[in-house]
Amino acid sequence: MSTGTKNLALYRIAVFALFCMFFLVDASFRLRDFDDKSIDFQVVIKFLVLFFTIGIGAIALRYFRFYSRFLFVLPFFALMLISSIWSENLFFTLSIFFTFFSYFIFMVFFIDEYGLGKFSRIVTLSMFWFLVVSLLLYVFFPEMGRFSFWFNDVFAPSWRMSGLTTSANNFARVCGFFILFLFGFNSIIKVQIGARFYNFCLILAAVCLLLSGSRTTIVVLLVSLSLYVFLQSNKQNKALWISSVFCFGLILALFSEELLQLVSRDGGDDITSFTGRTFIWDAVLYFIDKKPVLGYGFGSSIFLLPEYADALGFTAAHAHNMYLQVMLSGGYVTLSVFLFLMLFCLYKSLKLNIAFVTSSLVFILLIGFFESGAISLTANMLTLLLFFNFYLIATPGICSSFRGEK
């Protein structure tokens, strides 16, 4: 087999793996209890994708420039790996680490080897088909494509769209990522797929996001997009933007009670308790207080929190707060490293003037107050977004060409 044939075969496998990685990272084709750890077809499919990503991505580890470029990220990965020593379940923590790390090194390899254009094309097509399939499920198979809940002792699908994911909130974050990605790389994506298809993807993502009914994601996305527009604007438009934000904040302050009733699903109680999240946070803080320095190991929340199912009234698998999830996993040590990493990336994105990175990091950080987000049990769409931001921060050449600099 010639070198050219080998390179073509590697490229095709890499494209297939990238498409599947984004399509499957938040997809779920079946629901099962948290304590069910059996291997089924979904586990097998995701394991095969993981096998391809770590196999191909490992090529990046051969080069010293990988370690020198991503030195700011490696301590966090190291703490994730080390936490497996004292974790509640060694195998589960190790699987989380290898999933996170394999996706990260694969993304680094793919963009380095094939460019940002091909990367954006494959990601866009993957997200497009993910939303199309989700919309078909929503319309024709509501028991699969809609968020279901108990009502008068009947478990029935609601109007909220969950698509291929396990919940409407998870689906909303996929839509939020896609909209951010389309905004941030609009010029590149339009060249790759055409302006008409680009506009259709943007409309499709916006419709799906609204159908999810996720108030948190919608509000946080609006904040992030507003920040993106602000960073891309000239001084005159920035002044107008600041004035608009001030007026909007004033309206919120004057009509806070009315707005609370408007967005509430339960007369305001669901807002003040953050839809029951405060009960989960109390349980998480109880465990953190027992092991505050090093935590319980990544992914251990799925083994700890079900112990509080009777007290909570429901079973929670994670902390529903990224910062509490990190602290539960790795204690104050890992939380300090993680916060330093995020602040460093924000500083670098502002210094390099990369509006997409700044706005998407804000998106991740704000979502993190209400969901485990980018650092949950397993990798998800926000994890991939975070890794993409790491890459842009560490690759000034890509960042410069993205901003249109010569």
# chains A, B, ... in the order shown; residues from 1 in each chain; ligands from 1
>>> select_by_dssp(residues="segment 82-202 of chain A", states="strand (DSSP E)", output="list in words")
Arg146, Phe147, Ser148, Phe149, Trp150, Phe151, Val154, Phe155, Ala156, Pro157, Ser158, Trp159, Arg160 and Met161 of chain A
>>> write_last_selection(atoms="N, CA, C and O atoms", output="compact mmCIF listing (two decimals), in the first residue's frame")
# COMPACT_ATOMS: atom_id res chain seq x y z
N ARG A 146 -39.33 13.42 23.09
CA ARG A 146 -39.80 14.48 23.99
C ARG A 146 -39.49 14.12 25.44
O ARG A 146 -39.46 12.94 25.81
N PHE A 147 -39.27 15.15 26.22
CA PHE A 147 -39.01 14.96 27.64
C PHE A 147 -40.29 14.48 28.32
O PHE A 147 -41.35 15.10 28.18
N SER A 148 -40.20 13.39 29.06
CA SER A 148 -41.37 12.81 29.73
C SER A 148 -41.29 13.03 31.23
O SER A 148 -40.20 13.12 31.81
N PHE A 149 -42.45 13.11 31.86
CA PHE A 149 -42.50 13.30 33.31
C PHE A 149 -43.79 12.67 33.84
O PHE A 149 -44.73 12.37 33.09
N TRP A 150 -43.83 12.50 35.16
CA TRP A 150 -45.01 11.92 35.81
C TRP A 150 -46.07 13.00 36.02
O TRP A 150 -45.79 14.07 36.53
N PHE A 151 -47.31 12.72 35.56
CA PHE A 151 -48.43 13.64 35.75
C PHE A 151 -49.67 12.81 36.07
O PHE A 151 -50.14 12.03 35.24
N VAL A 154 -49.22 9.18 35.64
CA VAL A 154 -49.01 8.76 34.25
C VAL A 154 -47.70 9.36 33.76
O VAL A 154 -47.47 10.56 33.87
N PHE A 155 -46.82 8.50 33.23
CA PHE A 155 -45.54 8.96 32.69
C PHE A 155 -45.76 9.30 31.23
O PHE A 155 -45.85 8.41 30.38
N ALA A 156 -45.87 10.60 30.92
CA ALA A 156 -46.27 11.02 29.59
C ALA A 156 -45.28 12.02 29.01
O ALA A 156 -44.66 12.80 29.74
N PRO A 157 -45.12 12.02 27.68
CA PRO A 157 -44.23 12.99 27.03
C PRO A 157 -44.83 14.39 27.08
O PRO A 157 -46.04 14.57 26.93
N SER A 158 -43.99 15.39 27.30
CA SER A 158 -44.42 16.78 27.33
C SER A 158 -44.16 17.43 25.97
O SER A 158 -43.81 16.75 25.00
N TRP A 159 -44.30 18.74 25.89
CA TRP A 159 -44.02 19.45 24.64
C TRP A 159 -42.54 19.73 24.47
O TRP A 159 -42.09 20.06 23.37
N ARG A 160 -41.74 19.55 25.53
CA ARG A 160 -40.32 19.90 25.49
C ARG A 160 -39.52 18.86 24.70
O ARG A 160 -39.68 17.65 24.90
N MET A 161 -38.67 19.32 23.85
CA MET A 161 -37.92 18.45 22.95
C MET A 161 -36.63 17.98 23.62
O MET A 161 -35.83 18.77 24.12
>>> residues_around(residues="segment 341-348 of chain A", least_positions_apart="2", cutoff="7 Å", atoms="only C-alpha atoms", output="list in words")
Phe72, Val337, Phe338, Leu339, Leu350, Lys351, Leu352, Thr358 and Ile393 of chain A
>>> residues_around(residues="Glu113 of chain A", least_positions_apart="6", cutoff="12 Å", atoms="only C-alpha atoms", output="MDAnalysis selection string")
chainID A and resid 7 10:11 14:15 56:57 59:60 105:107 119
>>> closest_residue(among="A:Val25, A:Ala355, A:Leu294, A:Ala9", to="Asn380 of chain A", atoms="only C-alpha atoms")
A:Val25
>>> residues_around(residues="Leu222 of chain A", least_positions_apart="4", cutoff="12 Å", atoms="only C-alpha atoms", output="number ranges by chain")
A: 176, 179-180, 206, 209, 215-218, 226-229, 245, 359-360, 362-363, 366
>>> write_last_selection(atoms="all heavy atoms", output="compact mmCIF listing (two decimals), in the first residue's frame")
# COMPACT_ATOMS: atom_id res chain seq x y z
N GLY A 176 -27.27 24.95 21.78
CA GLY A 176 -26.50 26.14 22.14
C GLY A 176 -25.10 26.10 21.58
O GLY A 176 -24.59 27.10 21.06
N ILE A 179 -25.25 26.72 17.73
CA ILE A 179 -25.48 28.14 17.39
C ILE A 179 -24.22 28.96 17.63
O ILE A 179 -23.84 29.80 16.79
CB ILE A 179 -26.66 28.69 18.21
CG1 ILE A 179 -27.97 28.02 17.77
CG2 ILE A 179 -26.78 30.21 18.05
CD1 ILE A 179 -29.17 28.34 18.63
N LEU A 180 -23.55 28.74 18.75
CA LEU A 180 -22.28 29.43 19.01
C LEU A 180 -21.26 29.13 17.93
O LEU A 180 -20.55 30.03 17.45
CB LEU A 180 -21.74 29.02 20.37
CG LEU A 180 -22.16 29.82 21.60
CD1 LEU A 180 -21.62 29.17 22.87
CD2 LEU A 180 -21.67 31.26 21.51
N ALA A 206 -31.98 27.09 16.10
CA ALA A 206 -32.76 28.03 16.92
C ALA A 206 -34.14 27.46 17.23
O ALA A 206 -34.62 27.56 18.37
CB ALA A 206 -32.88 29.37 16.19
N LEU A 209 -33.78 24.67 19.79
CA LEU A 209 -33.48 25.21 21.10
C LEU A 209 -34.75 25.73 21.78
O LEU A 209 -34.99 25.47 22.96
CB LEU A 209 -32.46 26.35 20.99
CG LEU A 209 -32.11 27.07 22.30
CD1 LEU A 209 -31.53 26.12 23.33
CD2 LEU A 209 -31.15 28.22 22.03
N ARG A 215 -34.84 27.17 29.86
CA ARG A 215 -34.70 28.60 30.14
C ARG A 215 -33.27 28.99 30.39
O ARG A 215 -32.80 30.03 29.92
CB ARG A 215 -35.57 28.97 31.35
CG ARG A 215 -37.05 28.71 31.15
CD ARG A 215 -37.81 28.65 32.45
NE ARG A 215 -37.34 27.56 33.29
CZ ARG A 215 -37.92 27.22 34.45
NH1 ARG A 215 -38.98 27.88 34.88
NH2 ARG A 215 -37.43 26.22 35.18
N THR A 216 -32.54 28.16 31.15
CA THR A 216 -31.17 28.48 31.50
C THR A 216 -30.30 28.60 30.26
O THR A 216 -29.57 29.59 30.08
CB THR A 216 -30.59 27.42 32.44
OG1 THR A 216 -31.37 27.36 33.63
CG2 THR A 216 -29.14 27.74 32.80
N THR A 217 -30.36 27.60 29.39
CA THR A 217 -29.51 27.59 28.19
C THR A 217 -29.86 28.75 27.27
O THR A 217 -28.96 29.39 26.70
CB THR A 217 -29.65 26.26 27.44
OG1 THR A 217 -29.30 25.19 28.32
CG2 THR A 217 -28.74 26.23 26.23
N ILE A 218 -31.14 29.05 27.12
CA ILE A 218 -31.56 30.14 26.24
C ILE A 218 -31.01 31.47 26.75
O ILE A 218 -30.45 32.27 25.99
CB ILE A 218 -33.10 30.19 26.12
CG1 ILE A 218 -33.61 28.97 25.35
CG2 ILE A 218 -33.55 31.48 25.43
CD1 ILE A 218 -35.11 28.83 25.32
N SER A 226 -24.47 37.99 22.90
CA SER A 226 -24.36 39.45 23.08
C SER A 226 -22.91 39.84 23.33
O SER A 226 -22.42 40.85 22.80
CB SER A 226 -25.24 39.90 24.25
OG SER A 226 -26.60 39.62 24.01
N LEU A 227 -22.23 39.05 24.14
CA LEU A 227 -20.82 39.30 24.40
C LEU A 227 -19.99 39.15 23.12
O LEU A 227 -19.08 39.95 22.86
CB LEU A 227 -20.30 38.33 25.47
CG LEU A 227 -18.81 38.43 25.84
CD1 LEU A 227 -18.49 39.82 26.37
CD2 LEU A 227 -18.44 37.36 26.86
N TYR A 228 -20.32 38.14 22.32
CA TYR A 228 -19.62 37.94 21.05
C TYR A 228 -19.78 39.16 20.14
O TYR A 228 -18.80 39.65 19.55
CB TYR A 228 -20.16 36.69 20.36
CG TYR A 228 -19.57 36.44 18.99
CD1 TYR A 228 -18.32 35.83 18.87
CD2 TYR A 228 -20.25 36.83 17.83
CE1 TYR A 228 -17.77 35.60 17.61
CE2 TYR A 228 -19.70 36.61 16.58
CZ TYR A 228 -18.47 36.01 16.47
OH TYR A 228 -17.92 35.79 15.23
N VAL A 229 -21.03 39.66 20.02
CA VAL A 229 -21.29 40.84 19.20
C VAL A 229 -20.55 42.05 19.75
O VAL A 229 -19.97 42.85 19.00
CB VAL A 229 -22.81 41.12 19.14
CG1 VAL A 229 -23.09 42.45 18.45
CG2 VAL A 229 -23.52 39.98 18.41
N VAL A 245 -27.66 47.07 27.50
CA VAL A 245 -27.58 46.15 28.63
C VAL A 245 -28.04 46.83 29.92
O VAL A 245 -28.75 46.24 30.73
CB VAL A 245 -26.15 45.60 28.78
CG1 VAL A 245 -26.00 44.83 30.09
CG2 VAL A 245 -25.80 44.71 27.61
N SER A 359 -16.59 34.22 24.35
CA SER A 359 -18.04 34.04 24.50
C SER A 359 -18.40 32.60 24.82
O SER A 359 -19.30 32.34 25.63
CB SER A 359 -18.77 34.51 23.24
OG SER A 359 -18.30 33.81 22.10
N SER A 360 -17.72 31.63 24.21
CA SER A 360 -18.04 30.23 24.48
C SER A 360 -17.56 29.80 25.86
O SER A 360 -18.20 28.96 26.51
CB SER A 360 -17.46 29.32 23.40
OG SER A 360 -16.07 29.47 23.29
N VAL A 362 -17.52 31.81 28.45
CA VAL A 362 -18.56 32.39 29.31
C VAL A 362 -19.79 31.51 29.30
O VAL A 362 -20.44 31.28 30.34
CB VAL A 362 -18.90 33.83 28.86
CG1 VAL A 362 -20.17 34.33 29.54
CG2 VAL A 362 -17.73 34.76 29.16
N PHE A 363 -20.14 30.98 28.12
CA PHE A 363 -21.27 30.05 28.00
C PHE A 363 -21.06 28.83 28.90
O PHE A 363 -21.96 28.43 29.65
CB PHE A 363 -21.40 29.62 26.54
CG PHE A 363 -22.56 28.70 26.26
CD1 PHE A 363 -23.85 29.18 26.21
CD2 PHE A 363 -22.34 27.35 26.04
CE1 PHE A 363 -24.93 28.33 25.95
CE2 PHE A 363 -23.40 26.49 25.77
CZ PHE A 363 -24.69 26.99 25.72
N LEU A 366 -21.12 29.90 32.77
CA LEU A 366 -22.44 30.25 33.29
C LEU A 366 -23.35 29.03 33.37
O LEU A 366 -24.08 28.85 34.36
CB LEU A 366 -23.09 31.33 32.40
CG LEU A 366 -22.44 32.72 32.45
CD1 LEU A 366 -23.18 33.69 31.54
CD2 LEU A 366 -22.42 33.26 33.88
>>> residues_around(residues="Gly373 of chain A", least_positions_apart="2", cutoff="10 Å", atoms="only C-alpha atoms", output="number ranges by chain")
A: 170, 173, 318-323, 325, 364-371, 375-383
>>> write_last_selection(atoms="N, CA, C and O atoms", output="compact mmCIF listing (two decimals), in the first residue's frame")
# COMPACT_ATOMS: atom_id res chain seq x y z
N ASN A 170 -30.13 18.69 28.27
CA ASN A 170 -28.97 18.21 27.51
C ASN A 170 -29.10 18.56 26.03
O ASN A 170 -28.13 18.98 25.38
N ARG A 173 -28.30 22.21 25.33
CA ARG A 173 -26.89 22.55 25.31
C ARG A 173 -26.23 22.17 23.99
O ARG A 173 -25.31 22.83 23.52
N HIS A 318 -25.30 13.33 39.12
CA HIS A 318 -24.21 14.30 39.21
C HIS A 318 -24.69 15.53 39.99
O HIS A 318 -25.86 15.63 40.37
N ALA A 319 -23.78 16.47 40.21
CA ALA A 319 -24.04 17.56 41.14
C ALA A 319 -24.93 18.66 40.58
O ALA A 319 -25.39 19.53 41.33
N HIS A 320 -25.19 18.67 39.27
CA HIS A 320 -25.95 19.75 38.64
C HIS A 320 -25.30 21.11 38.91
O HIS A 320 -25.99 22.13 38.99
N ASN A 321 -24.00 21.10 39.06
CA ASN A 321 -23.20 22.31 39.20
C ASN A 321 -21.76 21.90 38.89
O ASN A 321 -21.20 21.02 39.55
N MET A 322 -21.17 22.53 37.88
CA MET A 322 -19.85 22.11 37.43
C MET A 322 -18.79 22.27 38.51
O MET A 322 -17.91 21.42 38.66
N TYR A 323 -18.88 23.34 39.28
CA TYR A 323 -17.86 23.62 40.29
C TYR A 323 -17.98 22.65 41.48
O TYR A 323 -16.97 22.17 41.99
N GLN A 325 -19.28 19.69 41.14
CA GLN A 325 -18.91 18.39 40.57
C GLN A 325 -17.40 18.21 40.57
O GLN A 325 -16.89 17.13 40.93
N ILE A 364 -19.87 28.25 28.85
CA ILE A 364 -19.56 27.07 29.67
C ILE A 364 -19.58 27.41 31.15
O ILE A 364 -20.14 26.66 31.97
N LEU A 365 -18.98 28.54 31.52
CA LEU A 365 -18.89 28.93 32.93
C LEU A 365 -20.26 29.24 33.53
O LEU A 365 -20.54 28.88 34.68
N LEU A 366 -21.12 29.90 32.77
CA LEU A 366 -22.44 30.25 33.29
C LEU A 366 -23.35 29.03 33.37
O LEU A 366 -24.08 28.85 34.36
N ILE A 367 -23.32 28.18 32.34
CA ILE A 367 -24.07 26.93 32.40
C ILE A 367 -23.62 26.11 33.60
O ILE A 367 -24.42 25.41 34.24
N GLY A 368 -22.34 26.22 33.92
CA GLY A 368 -21.77 25.45 35.02
C GLY A 368 -22.36 25.74 36.38
O GLY A 368 -22.22 24.92 37.30
N PHE A 369 -23.02 26.86 36.55
CA PHE A 369 -23.65 27.17 37.82
C PHE A 369 -24.92 26.34 38.05
O PHE A 369 -25.38 26.19 39.19
N PHE A 370 -25.49 25.81 36.96
CA PHE A 370 -26.76 25.10 37.07
C PHE A 370 -26.68 23.65 36.58
O PHE A 370 -27.62 22.89 36.78
N GLU A 371 -25.58 23.29 35.91
CA GLU A 371 -25.39 21.93 35.43
C GLU A 371 -23.92 21.55 35.60
O GLU A 371 -23.05 22.42 35.66
N ILE A 375 -17.73 19.26 32.79
CA ILE A 375 -17.06 18.26 33.63
C ILE A 375 -18.12 17.44 34.36
O ILE A 375 -18.35 17.58 35.56
N SER A 376 -18.82 16.63 33.61
CA SER A 376 -19.88 15.79 34.19
C SER A 376 -19.35 14.37 34.34
O SER A 376 -18.16 14.16 34.51
N LEU A 377 -20.24 13.40 34.26
CA LEU A 377 -19.82 12.00 34.41
C LEU A 377 -18.97 11.55 33.23
O LEU A 377 -17.91 10.96 33.39
N THR A 378 -19.44 11.80 32.04
CA THR A 378 -18.70 11.46 30.84
C THR A 378 -18.61 12.70 29.96
O THR A 378 -19.27 13.70 30.21
N ALA A 379 -17.79 12.62 28.91
CA ALA A 379 -17.65 13.75 28.00
C ALA A 379 -18.99 14.04 27.33
O ALA A 379 -19.77 13.14 27.02
N ASN A 380 -19.27 15.32 27.11
CA ASN A 380 -20.49 15.74 26.43
C ASN A 380 -20.14 16.88 25.48
O ASN A 380 -18.97 17.20 25.28
N MET A 381 -21.16 17.51 24.92
CA MET A 381 -20.92 18.54 23.92
C MET A 381 -20.14 19.73 24.48
O MET A 381 -19.28 20.31 23.81
N LEU A 382 -20.41 20.09 25.73
CA LEU A 382 -19.68 21.20 26.34
C LEU A 382 -18.24 20.82 26.62
O LEU A 382 -17.34 21.68 26.61
N THR A 383 -17.98 19.55 26.87
CA THR A 383 -16.60 19.08 27.03
C THR A 383 -15.84 19.27 25.73
O THR A 383 -14.70 19.76 25.72
>>> select_by_dssp(residues="segment 16-136 of chain A", states="helix (DSSP H, G or I)", output="VMD selection string")
chain A and resid 16 to 24 41 to 62 64 to 69 74 to 85 90 to 136
